[in-house]
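S.K.: Dumping the structure here so I can ask a few things about it.
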Amino acid sequence: MGWFGSDPFTDTRLGTFKRTGGVWVTRAELPALGQVELQLAGDRAAPSRESLACAHEVSALYAALRVEIGRALYEHLEPYADAIRAGEMVADGFDPSRIRGPEDTWPHVEASVVSIDPARTEFLIEIQLRAAWDEEHTLGVRIRGGTLVEVCGSV
């Protein structure tokens with residue numbers, strides 16, 4: 001590409017990445033997550049091997065943690081549902097009374113970005129979710145070592 005840019009990087013499973021803002025970015029269809037923006041750490045030449053290997057496994061990891069993530073999403077929803085029931089917030093078309101447990105949260109969340117960076121010490125993977133009950137924030141599902149670290153409410 002020249003003096004100041006990086007050539008695109010192509011992975012046979014994930015597609016073609018372009019380096020932008022210091023990370024390697026592509027749009028990819030990931031099982032269990034759907035169509036997401038995938039952001040991988042790396043150098044100017046390519047995504048790091050660890051980031052790329054992790055990207056290949058992130059769908060299986062997300063699926064394996066689904067029950068635990070669902071519980072965390074449900075806990076995140078509870079204060080919003082309480083505020084809507086109390087009339088302190090407007091539901092804007094979202095009816096929290098239809099959510100009776102963690103499994104009911106899934107139709108109301110959508111993955112938008114998966115970011116993988118081995119240099120982060122607290123978490124390696126962050127899966128950003130949009131939730132119907134929290135339109136002002138993106139929820140960050142943070143994972144390290146195959147374990148859910150947290151669901152952060154303000155990514």
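We label chains A, B, ... in the order they appear in the structure tokens, count residues from 1 in each chain, and number ligands from 1 in the order shown.
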Could you name the residues that touch A:Glu68 at 9 Å or less, counting only C-alpha atoms, but leaving out those on the same chain fewer than 4 positions away, as a PyMOL selection string?
M.R.: chain A and resi 64+72-73+102+148
S.K.: With N, CA and C atoms retained, write the just-selected residues as a PDB file, in the first residue's frame.
M.R.:
ATOM      1  N   ALA A  64     -20.348 -21.448  24.510  1.00  0.00           N
ATOM      2  CA  ALA A  64     -20.091 -22.187  25.750  1.00  0.00           C
ATOM      3  C   ALA A  64     -20.429 -21.357  26.990  1.00  0.00           C
ATOM      4  N   ALA A  72     -25.855 -12.789  33.461  1.00  0.00           N
ATOM      5  CA  ALA A  72     -25.311 -11.435  33.651  1.00  0.00           C
ATOM      6  C   ALA A  72     -26.173 -10.394  32.937  1.00  0.00           C
ATOM      7  N   LEU A  73     -26.672 -10.720  31.752  1.00  0.00           N
ATOM      8  CA  LEU A  73     -27.554  -9.797  31.034  1.00  0.00           C
ATOM      9  C   LEU A  73     -28.846  -9.572  31.815  1.00  0.00           C
ATOM     10  N   PRO A 102     -33.095 -15.355  32.455  1.00  0.00           N
ATOM     11  CA  PRO A 102     -31.918 -15.104  31.606  1.00  0.00           C
ATOM     12  C   PRO A 102     -32.091 -15.523  30.144  1.00  0.00           C
ATOM     13  N   LEU A 148     -15.939 -15.797  31.721  1.00  0.00           N
ATOM     14  CA  LEU A 148     -16.573 -14.492  31.681  1.00  0.00           C
ATOM     15  C   LEU A 148     -16.024 -13.659  32.819  1.00  0.00           C
TER      16      LEU A 148
END
S.K.: Which residues are near A:Phe94? Cut-off 12 Å, only C-alpha atoms, ignore same chain within fewer than 4 positions. Put them as a VMD selection string.
M.R.: chain A and resid 77 80 to 81 84 to 85 89 to 90 98 to 99 105 107 to 109 131 to 135
S.K.: Please produce a file of those selected residues containing C-alpha atoms, as a PDB file, in the first residue's frame.
M.R.:
ATOM      1  CA  LEU A  77     -31.738  -5.676  32.917  1.00  0.00           C
ATOM      2  CA  TYR A  80     -34.091  -0.958  34.032  1.00  0.00           C
ATOM      3  CA  ALA A  81     -37.167  -3.162  34.382  1.00  0.00           C
ATOM      4  CA  ILE A  84     -39.897   1.142  33.904  1.00  0.00           C
ATOM      5  CA  ARG A  85     -42.402  -0.571  36.225  1.00  0.00           C
ATOM      6  CA  MET A  89     -38.271   5.459  32.747  1.00  0.00           C
ATOM      7  CA  VAL A  90     -40.163   5.105  29.475  1.00  0.00           C
ATOM      8  CA  ARG A  98     -41.824 -10.304  28.843  1.00  0.00           C
ATOM      9  CA  ILE A  99     -38.373 -11.111  30.225  1.00  0.00           C
ATOM     10  CA  THR A 105     -32.858 -11.781  27.220  1.00  0.00           C
ATOM     11  CA  PRO A 107     -33.970 -11.980  21.505  1.00  0.00           C
ATOM     12  CA  HIS A 108     -33.337  -8.453  22.821  1.00  0.00           C
ATOM     13  CA  VAL A 109     -29.557  -8.275  22.374  1.00  0.00           C
ATOM     14  CA  ALA A 131     -29.548  -4.287  24.298  1.00  0.00           C
ATOM     15  CA  ALA A 132     -33.142  -3.152  23.797  1.00  0.00           C
ATOM     16  CA  TRP A 133     -33.386  -2.036  27.419  1.00  0.00           C
ATOM     17  CA  ASP A 134     -30.217   0.088  27.376  1.00  0.00           C
ATOM     18  CA  GLU A 135     -30.213   2.167  24.209  1.00  0.00           C
TER      19      GLU A 135
END
S.K.: Using only C-alpha atoms for the distances, tell me which of A:Arg100, A:Gln35, A:Glu122, A:Ile143 is nearest to A:Glu78.
M.R.: A:Arg100
S.K.: So that I can check the surroundings of A:Glu37, please list as a VMD selection string every protein, DNA and RNA residue that reaches within 10 Å of it, counting only C-alpha atoms and ignoring chain neighbours fewer than 3 positions away.
M.R.: chain A and resid 25 to 30 34 40 111 to 115 127 to 128
S.K.: In terms of the shortest atom-to-atom distance over only C-alpha atoms, which of A:Leu65, A:Val23, A:Val151, A:Ala32 is closest to A:Ala46?
M.R.: A:Val23
S.K.: Determine the nearest neighbour of A:Ile116 from the options A:Ala91, A:Ile69, A:Leu38, A:Ala83, counting only C-alpha atoms.
M.R.: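 Result for the nearest residue to A:Ile116: A:Leu38.
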S.K.: What parts of chain A does DSSP call alpha helix (DSSP H)? I'd like the answer as a count of residues only.
M.R.: 36
